[in-house]
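Colleague: As input, take upload.pdb (PDB, C-alpha atoms):
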```
MODEL        1
ATOM      1  CA  MET A   1     133.640 104.841 102.956
ATOM      2  CA  GLY A   2     133.258 101.209 101.913
ATOM      3  CA  ARG A   3     134.568  98.530  99.638
ATOM      4  CA  ILE A   4     133.907  98.944  95.955
ATOM      5  CA  ILE A   5     133.969  95.864  93.765
ATOM      6  CA  THR A   6     134.949  96.592  90.180
ATOM      7  CA  THR A   7     132.716  93.934  88.647
ATOM      8  CA  GLU A   8     129.249  95.173  87.827
ATOM      9  CA  THR A   9     127.503  91.835  88.409
ATOM     10  CA  GLN A  10     126.537  90.704  91.902
ATOM     11  CA  THR A  11     124.665  87.617  93.069
ATOM     12  CA  GLY A  12     122.790  86.719  96.199
ATOM     13  CA  GLY A  13     119.787  84.986  97.618
ATOM     14  CA  CYS A  14     117.883  83.737 100.617
ATOM     15  CA  PHE A  15     119.114  81.810 103.662
ATOM     16  CA  CYS A  16     118.333  78.323 102.280
ATOM     17  CA  GLY A  17     119.477  79.115  98.715
ATOM     18  CA  ALA A  18     116.164  78.359  96.978
ATOM     19  CA  VAL A  19     115.714  81.963  95.789
ATOM     20  CA  ARG A  20     118.670  83.442  93.944
ATOM     21  CA  TYR A  21     119.176  86.681  92.024
ATOM     22  CA  GLU A  22     121.742  88.497  89.928
ATOM     23  CA  THR A  23     122.109  92.262  89.630
ATOM     24  CA  VAL A  24     123.854  94.004  86.759
ATOM     25  CA  GLY A  25     125.283  97.494  87.059
ATOM     26  CA  LYS A  26     125.492  99.906  89.931
ATOM     27  CA  PRO A  27     122.568 100.483  92.274
ATOM     28  CA  ALA A  28     120.562 103.682  91.857
ATOM     29  CA  ARG A  29     120.639 104.281  95.627
ATOM     30  CA  VAL A  30     121.608 102.558  98.862
ATOM     31  CA  SER A  31     119.879 103.470 102.097
ATOM     32  CA  ILE A  32     119.750 102.361 105.681
ATOM     33  CA  CYS A  33     116.222 102.617 107.027
ATOM     34  CA  HIS A  34     115.459 102.832 110.738
ATOM     35  CA  CYS A  35     111.650 102.911 110.345
ATOM     36  CA  ARG A  36     109.543 100.600 112.470
ATOM     37  CA  TYR A  37     108.418  98.705 109.356
ATOM     38  CA  CYS A  38     112.020  97.771 108.547
ATOM     39  CA  GLN A  39     112.784  97.008 112.177
ATOM     40  CA  LEU A  40     109.850  94.599 112.349
ATOM     41  CA  ARG A  41     110.572  93.165 108.868
ATOM     42  CA  THR A  42     114.193  92.376 109.735
ATOM     43  CA  GLY A  43     113.841  91.684 113.456
ATOM     44  CA  THR A  44     116.736  94.057 114.141
ATOM     45  CA  ALA A  45     117.588  97.760 114.390
ATOM     46  CA  PHE A  46     117.470  98.709 110.684
ATOM     47  CA  GLY A  47     117.150  97.500 107.125
ATOM     48  CA  ILE A  48     119.468  98.101 104.193
ATOM     49  CA  GLY A  49     117.905  98.678 100.789
ATOM     50  CA  VAL A  50     120.068  98.438  97.678
ATOM     51  CA  TYR A  51     117.819  99.891  94.959
ATOM     52  CA  PHE A  52     118.058  98.898  91.309
ATOM     53  CA  ASN A  53     115.867  99.540  88.299
ATOM     54  CA  SER A  54     113.817  96.386  87.800
ATOM     55  CA  GLU A  55     115.540  95.510  84.500
ATOM     56  CA  GLN A  56     118.888  95.257  86.347
ATOM     57  CA  ILE A  57     117.718  92.254  88.411
ATOM     58  CA  THR A  58     117.076  88.659  87.396
ATOM     59  CA  PHE A  59     115.544  86.161  89.838
ATOM     60  CA  ASN A  60     115.671  82.381  89.499
ATOM     61  CA  GLU A  61     112.504  80.287  89.614
ATOM     62  CA  GLY A  62     112.699  79.572  93.362
ATOM     63  CA  ALA A  63     109.327  79.496  95.143
ATOM     64  CA  THR A  64     108.414  82.871  96.617
ATOM     65  CA  ASP A  65     105.513  84.446  98.407
ATOM     66  CA  THR A  66     104.678  88.071  98.970
ATOM     67  CA  TYR A  67     103.486  90.128 101.869
ATOM     68  CA  SER A  68     102.076  93.625 101.327
ATOM     69  CA  TYR A  69     101.346  96.414 103.744
ATOM     70  CA  ASP A  70     100.302 100.043 103.515
ATOM     71  CA  THR A  71     102.465 102.683 105.187
ATOM     72  CA  GLU A  72     101.423 105.939 106.793
ATOM     73  CA  ASN A  73     102.457 107.890 103.692
ATOM     74  CA  GLY A  74      99.934 105.959 101.589
ATOM     75  CA  SER A  75     102.464 103.751  99.809
ATOM     76  CA  THR A  76     102.180  99.994  99.524
ATOM     77  CA  THR A  77     105.279  97.944 100.209
ATOM     78  CA  GLU A  78     105.362  94.439  98.762
ATOM     79  CA  LEU A  79     107.957  92.078 100.198
ATOM     80  CA  LEU A  80     109.264  89.180  98.103
ATOM     81  CA  ARG A  81     110.146  86.296 100.429
ATOM     82  CA  CYS A  82     111.445  82.777 100.005
ATOM     83  CA  ALA A  83     108.533  80.351 100.439
ATOM     84  CA  GLU A  84     110.898  77.837 102.087
ATOM     85  CA  CYS A  85     112.934  79.792 104.654
ATOM     86  CA  GLY A  86     111.007  83.092 104.814
ATOM     87  CA  THR A  87     113.925  85.411 104.026
ATOM     88  CA  THR A  88     112.832  88.778 102.647
ATOM     89  CA  VAL A  89     114.974  89.051  99.528
ATOM     90  CA  SER A  90     113.549  92.198  97.954
ATOM     91  CA  TRP A  91     110.692  94.685  98.012
ATOM     92  CA  THR A  92     108.953  97.322  95.974
ATOM     93  CA  ILE A  93     107.283 100.515  97.168
ATOM     94  CA  SER A  94     104.506 102.157  95.152
ATOM     95  CA  PRO A  95     103.296 104.648  94.257
ATOM     96  CA  GLY A  96     105.997 107.270  94.585
ATOM     97  CA  ALA A  97     109.568 108.140  93.744
ATOM     98  CA  LEU A  98     110.800 104.567  94.232
ATOM     99  CA  SER A  99     108.017 102.770  92.336
ATOM    100  CA  HIS A 100     110.238 102.009  89.312
ATOM    101  CA  MET A 101     112.867 100.344  91.526
ATOM    102  CA  VAL A 102     113.346  97.054  93.324
ATOM    103  CA  ALA A 103     115.160  97.080  96.647
ATOM    104  CA  ILE A 104     117.399  94.129  97.377
ATOM    105  CA  ALA A 105     117.833  93.365 101.081
ATOM    106  CA  GLY A 106     121.428  94.461 101.606
ATOM    107  CA  ALA A 107     122.653  91.470 103.599
ATOM    108  CA  THR A 108     121.412  88.898 101.065
ATOM    109  CA  PHE A 109     124.250  89.523  98.614
ATOM    110  CA  ASP A 110     126.900  86.808  98.382
ATOM    111  CA  PRO A 111     130.315  87.631  99.907
ATOM    112  CA  PRO A 112     131.717  90.142  99.894
ATOM    113  CA  THR A 113     128.227  90.894 101.194
ATOM    114  CA  PHE A 114     128.581  94.621 101.825
ATOM    115  CA  TRP A 115     130.217  95.636  98.531
ATOM    116  CA  TYR A 116     128.148  98.824  98.118
ATOM    117  CA  ASN A 117     128.433 102.301  99.631
ATOM    118  CA  VAL A 118     125.576 103.432 101.849
ATOM    119  CA  GLU A 119     124.574 106.973 100.866
ATOM    120  CA  ARG A 120     121.918 107.860 103.412
ATOM    121  CA  GLU A 121     119.984 106.824 106.445
ATOM    122  CA  VAL A 122     116.307 107.588 106.823
ATOM    123  CA  PHE A 123     113.779 107.524 109.663
ATOM    124  CA  THR A 124     116.384 108.239 112.302
ATOM    125  CA  ARG A 125     113.462 109.271 114.526
ATOM    126  CA  SER A 126     113.272 105.575 115.485
ATOM    127  CA  LYS A 127     117.001 104.832 115.270
ATOM    128  CA  ALA A 128     118.318 102.598 118.053
ATOM    129  CA  GLU A 129     120.576 104.574 120.375
ATOM    130  CA  PHE A 130     123.386 102.027 120.000
ATOM    131  CA  CYS A 131     123.611 102.565 116.215
ATOM    132  CA  GLN A 132     126.564 104.786 115.338
ATOM    133  CA  ILE A 133     126.312 104.955 111.554
ATOM    134  CA  VAL A 134     128.221 107.555 109.545
ATOM    135  CA  VAL A 135     126.746 108.324 106.122
ATOM    136  CA  PRO A 136     126.745 111.422 103.901
ATOM    137  CA  GLU A 137     122.989 112.078 104.377
ATOM    138  CA  SER A 138     120.790 111.535 107.429
ATOM    139  CA  TYR A 139     117.078 112.282 107.734
ATOM    140  CA  ASP A 140     114.655 112.200 110.665
ATOM    141  CA  GLU A 141     112.046 110.875 108.242
ATOM    142  CA  SER A 142     112.764 110.717 104.506
ATOM    143  CA  PRO A 143     113.113 113.398 101.835
ATOM    144  CA  ILE A 144     110.290 111.690  99.900
ATOM    145  CA  TYR A 145     108.078 111.022 102.940
ATOM    146  CA  LYS A 146     104.647 112.615 103.272
ATOM    147  CA  PRO A 147     102.359 111.005 105.908
ATOM    148  CA  VAL A 148      98.672 110.759 105.024
ATOM    149  CA  LYS A 149      97.519 108.716 108.041
ATOM    150  CA  ARG A 150      98.670 107.994 111.584
ATOM    151  CA  ASP A 151     100.141 104.611 112.403
ATOM    152  CA  SER A 152      99.560 102.930 115.724
ATOM    153  CA  GLY A 153     102.232 103.579 118.361
ATOM    154  CA  ARG A 154     104.010 100.287 117.738
ATOM    155  CA  LEU A 155     104.482 101.186 114.048
ATOM    156  CA  LYS A 156     105.019 104.948 114.337
ATOM    157  CA  GLY A 157     108.571 104.862 115.610
ATOM    158  CA  GLY A 158     109.134 108.200 117.286
ATOM    159  CA  ASP A 159     107.321 111.475 117.582
TER     160      ASP A 159
ENDMDL
END
```
As structure tokens, how would this structure be written, given the file I've shared?
Modeller:
Amino acid sequence: MGRIITTETQTGGCFCGAVRYETVGKPARVSICHCRYCQLRTGTAFGIGVYFNSEQITFNEGATDTYSYDTENGSTTELLRCAECGTTVSWTISPGALSHMVAIAGATFDPPTFWYNVEREVFTRSKAEFCQIVVPESYDESPIYKPVKRDSGRLKGGD
């Protein structure tokens, strides 16, 4: 299914190295997200979120900025980005089931970058046809998703 590293401490950071972090312990969940928000955030077909409880993550003092947006389910996502190179390093989603967690952008871990096992993919309604991802769970939307408003067509990502 994937490589498992026996050490419980992982490090990573942004493209330029100004923002660094360390995680301790295993993630609470790992998901691939095909939603339009993640596609636009990453500039590619999907995002990978490696979710930890906030006390499992320590960030250095590198300069960051944040960008927040509201989703169609009424949640607010706040991206933590490097102020120098613009890399999205992590994000939080609140309110809701994930509000006590911080998601680390999956590709920002130091090598071996993809040390974790992906458990699920969500928002496959906007999944790129060329993506052939095999995971234990796959959802057209998300098991915790409840839309409260309609996004514009460019953000909706499917029917």
Colleague: Name every residue that the PyMOL selection byres ((chain A and resi 117) around 12) selects in this structure, writing the answer as a PDB file with C-alpha atoms, keeping the file's coordinate frame with chains first and numbers rising.
Modeller:
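Output saved as part-v9.pdb:
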```
ATOM      1  CA  MET A   1     133.640 104.841 102.956  1.00  0.00           C
ATOM      2  CA  GLY A   2     133.258 101.209 101.913  1.00  0.00           C
ATOM      3  CA  ARG A   3     134.568  98.530  99.638  1.00  0.00           C
ATOM      4  CA  ILE A   4     133.907  98.944  95.955  1.00  0.00           C
ATOM      5  CA  ILE A   5     133.969  95.864  93.765  1.00  0.00           C
ATOM      6  CA  LYS A  26     125.492  99.906  89.931  1.00  0.00           C
ATOM      7  CA  PRO A  27     122.568 100.483  92.274  1.00  0.00           C
ATOM      8  CA  ALA A  28     120.562 103.682  91.857  1.00  0.00           C
ATOM      9  CA  ARG A  29     120.639 104.281  95.627  1.00  0.00           C
ATOM     10  CA  VAL A  30     121.608 102.558  98.862  1.00  0.00           C
ATOM     11  CA  SER A  31     119.879 103.470 102.097  1.00  0.00           C
ATOM     12  CA  ILE A  32     119.750 102.361 105.681  1.00  0.00           C
ATOM     13  CA  ILE A  48     119.468  98.101 104.193  1.00  0.00           C
ATOM     14  CA  GLY A  49     117.905  98.678 100.789  1.00  0.00           C
ATOM     15  CA  VAL A  50     120.068  98.438  97.678  1.00  0.00           C
ATOM     16  CA  TYR A  51     117.819  99.891  94.959  1.00  0.00           C
ATOM     17  CA  GLY A 106     121.428  94.461 101.606  1.00  0.00           C
ATOM     18  CA  THR A 113     128.227  90.894 101.194  1.00  0.00           C
ATOM     19  CA  PHE A 114     128.581  94.621 101.825  1.00  0.00           C
ATOM     20  CA  TRP A 115     130.217  95.636  98.531  1.00  0.00           C
ATOM     21  CA  TYR A 116     128.148  98.824  98.118  1.00  0.00           C
ATOM     22  CA  VAL A 118     125.576 103.432 101.849  1.00  0.00           C
ATOM     23  CA  GLU A 119     124.574 106.973 100.866  1.00  0.00           C
ATOM     24  CA  ARG A 120     121.918 107.860 103.412  1.00  0.00           C
ATOM     25  CA  GLU A 121     119.984 106.824 106.445  1.00  0.00           C
ATOM     26  CA  VAL A 134     128.221 107.555 109.545  1.00  0.00           C
ATOM     27  CA  VAL A 135     126.746 108.324 106.122  1.00  0.00           C
ATOM     28  CA  PRO A 136     126.745 111.422 103.901  1.00  0.00           C
TER      29      PRO A 136
END
```
Colleague: Point out the residue among A:Tyr67, A:Tyr37, A:Tyr21, A:Phe52 with the least atom-to-atom distance to Leu98 in chain A, counting all atoms listed in the file.
Modeller: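 Of all the options, A:Phe52 lies closest to Leu98 in chain A.
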Colleague: One decimal, in Å: what's the spacing between CA of Glu78 in chain A and CA of Glu141 in chain A?
Modeller: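 Taking CA of Glu78 in chain A as the start and CA of Glu141 in chain A as the end point, the length is 20.1 Å.
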Colleague: Give me, as an MDAnalysis selection string, all polymer residues having an atom no more than 9 Å from Glu84 in chain A, counting all atoms listed in the file and skipping those fewer than 5 positions away in the same chain.
Modeller: chainID A and resid 16 18:19 63:64
Colleague: For the provided coordinates, the residues matched by the PyMOL selection byres ((chain A and resi 22) around 10) should be stated as a ChimeraX atom specification.
Modeller: /A:9-13,20-21,23-24,56-60,109
Colleague: Could you save the residues just selected, with C-alpha atoms, as a short mmCIF file (atom, residue, chain, number, x, y, z; two decimals), keeping the file's coordinate frame?
Modeller:
```
data_model
loop_
_atom_site.label_atom_id
_atom_site.label_comp_id
_atom_site.auth_asym_id
_atom_site.auth_seq_id
_atom_site.Cartn_x
_atom_site.Cartn_y
_atom_site.Cartn_z
CA THR A 9 127.50 91.84 88.41
CA GLN A 10 126.54 90.70 91.90
CA THR A 11 124.66 87.62 93.07
CA GLY A 12 122.79 86.72 96.20
CA GLY A 13 119.79 84.99 97.62
CA ARG A 20 118.67 83.44 93.94
CA TYR A 21 119.18 86.68 92.02
CA THR A 23 122.11 92.26 89.63
CA VAL A 24 123.85 94.00 86.76
CA GLN A 56 118.89 95.26 86.35
CA ILE A 57 117.72 92.25 88.41
CA THR A 58 117.08 88.66 87.40
CA PHE A 59 115.54 86.16 89.84
CA ASN A 60 115.67 82.38 89.50
CA PHE A 109 124.25 89.52 98.61
#
```
Colleague: Separation of CA of Val102 in chain A and CA of Leu79 in chain A, in Å?
Modeller: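 Taking CA of Val102 in chain A and CA of Leu79 in chain A, their separation equals 10.1 Å.
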Colleague: Measure the distance from CA of Cys14 in chain A to CA of Glu55 in chain A in Å and round it to one decimal.
Modeller: 20.1 Å
Colleague: Taking all atoms listed in the file into account, which of A:Ala105, A:Ala128, A:Ile144, A:Cys85 comes nearest Asn73 in chain A?
Modeller: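 Nearest candidate to Asn73 in chain A out of A:Ala105, A:Ala128, A:Ile144, A:Cys85: A:Ile144.
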Colleague: Hey, what's within 9 Å of Ser142 in chain A if we count only C-alpha atoms and toss same-chain stuff fewer than 3 positions away? As a list in words, please?
Modeller: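 In the requested form, the answer reads Glu121, Val122, Phe123, Thr124, Ser138, Tyr139, Tyr145 and Lys146 of chain A.
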Colleague: Can you list, as a compact mmCIF listing (two decimals) with C-alpha atoms, in the coordinates of the input, the residues that the PyMOL selection byres ((chain A and resi 42-44) around 12) selects here?
Modeller:
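Output contents, as saved in expr.txt:
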```txt
# COMPACT_ATOMS: atom_id res chain seq x y z
CA CYS A 33 116.22 102.62 107.03
CA HIS A 34 115.46 102.83 110.74
CA CYS A 35 111.65 102.91 110.34
CA ARG A 36 109.54 100.60 112.47
CA TYR A 37 108.42 98.70 109.36
CA CYS A 38 112.02 97.77 108.55
CA GLN A 39 112.78 97.01 112.18
CA LEU A 40 109.85 94.60 112.35
CA ARG A 41 110.57 93.16 108.87
CA ALA A 45 117.59 97.76 114.39
CA PHE A 46 117.47 98.71 110.68
CA GLY A 47 117.15 97.50 107.12
CA ILE A 48 119.47 98.10 104.19
CA GLY A 49 117.90 98.68 100.79
CA LEU A 79 107.96 92.08 100.20
CA ARG A 81 110.15 86.30 100.43
CA GLY A 86 111.01 83.09 104.81
CA THR A 87 113.92 85.41 104.03
CA THR A 88 112.83 88.78 102.65
CA VAL A 89 114.97 89.05 99.53
CA SER A 90 113.55 92.20 97.95
CA ALA A 105 117.83 93.36 101.08
CA GLY A 106 121.43 94.46 101.61
CA ALA A 107 122.65 91.47 103.60
CA THR A 108 121.41 88.90 101.06
CA LYS A 127 117.00 104.83 115.27
CA ALA A 128 118.32 102.60 118.05
CA PHE A 130 123.39 102.03 120.00
CA CYS A 131 123.61 102.56 116.22
```
Colleague: Taking 4 positions as the minimum chain separation for residues in the same chain, which residues sit within 7 Å of Asp65 in chain A when counting only C-alpha atoms? Answer as a JSON list (two decimals) with C-alpha atoms, in the coordinates of the input.
Modeller:
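Just written: out00.json:
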```json
[["chain", "number", "residue", "atom", "x", "y", "z"],
["A", 80, "LEU", "CA", 109.26, 89.18, 98.10],
["A", 81, "ARG", "CA", 110.15, 86.30, 100.43],
["A", 82, "CYS", "CA", 111.44, 82.78, 100.00],
["A", 83, "ALA", "CA", 108.53, 80.35, 100.44]]
```
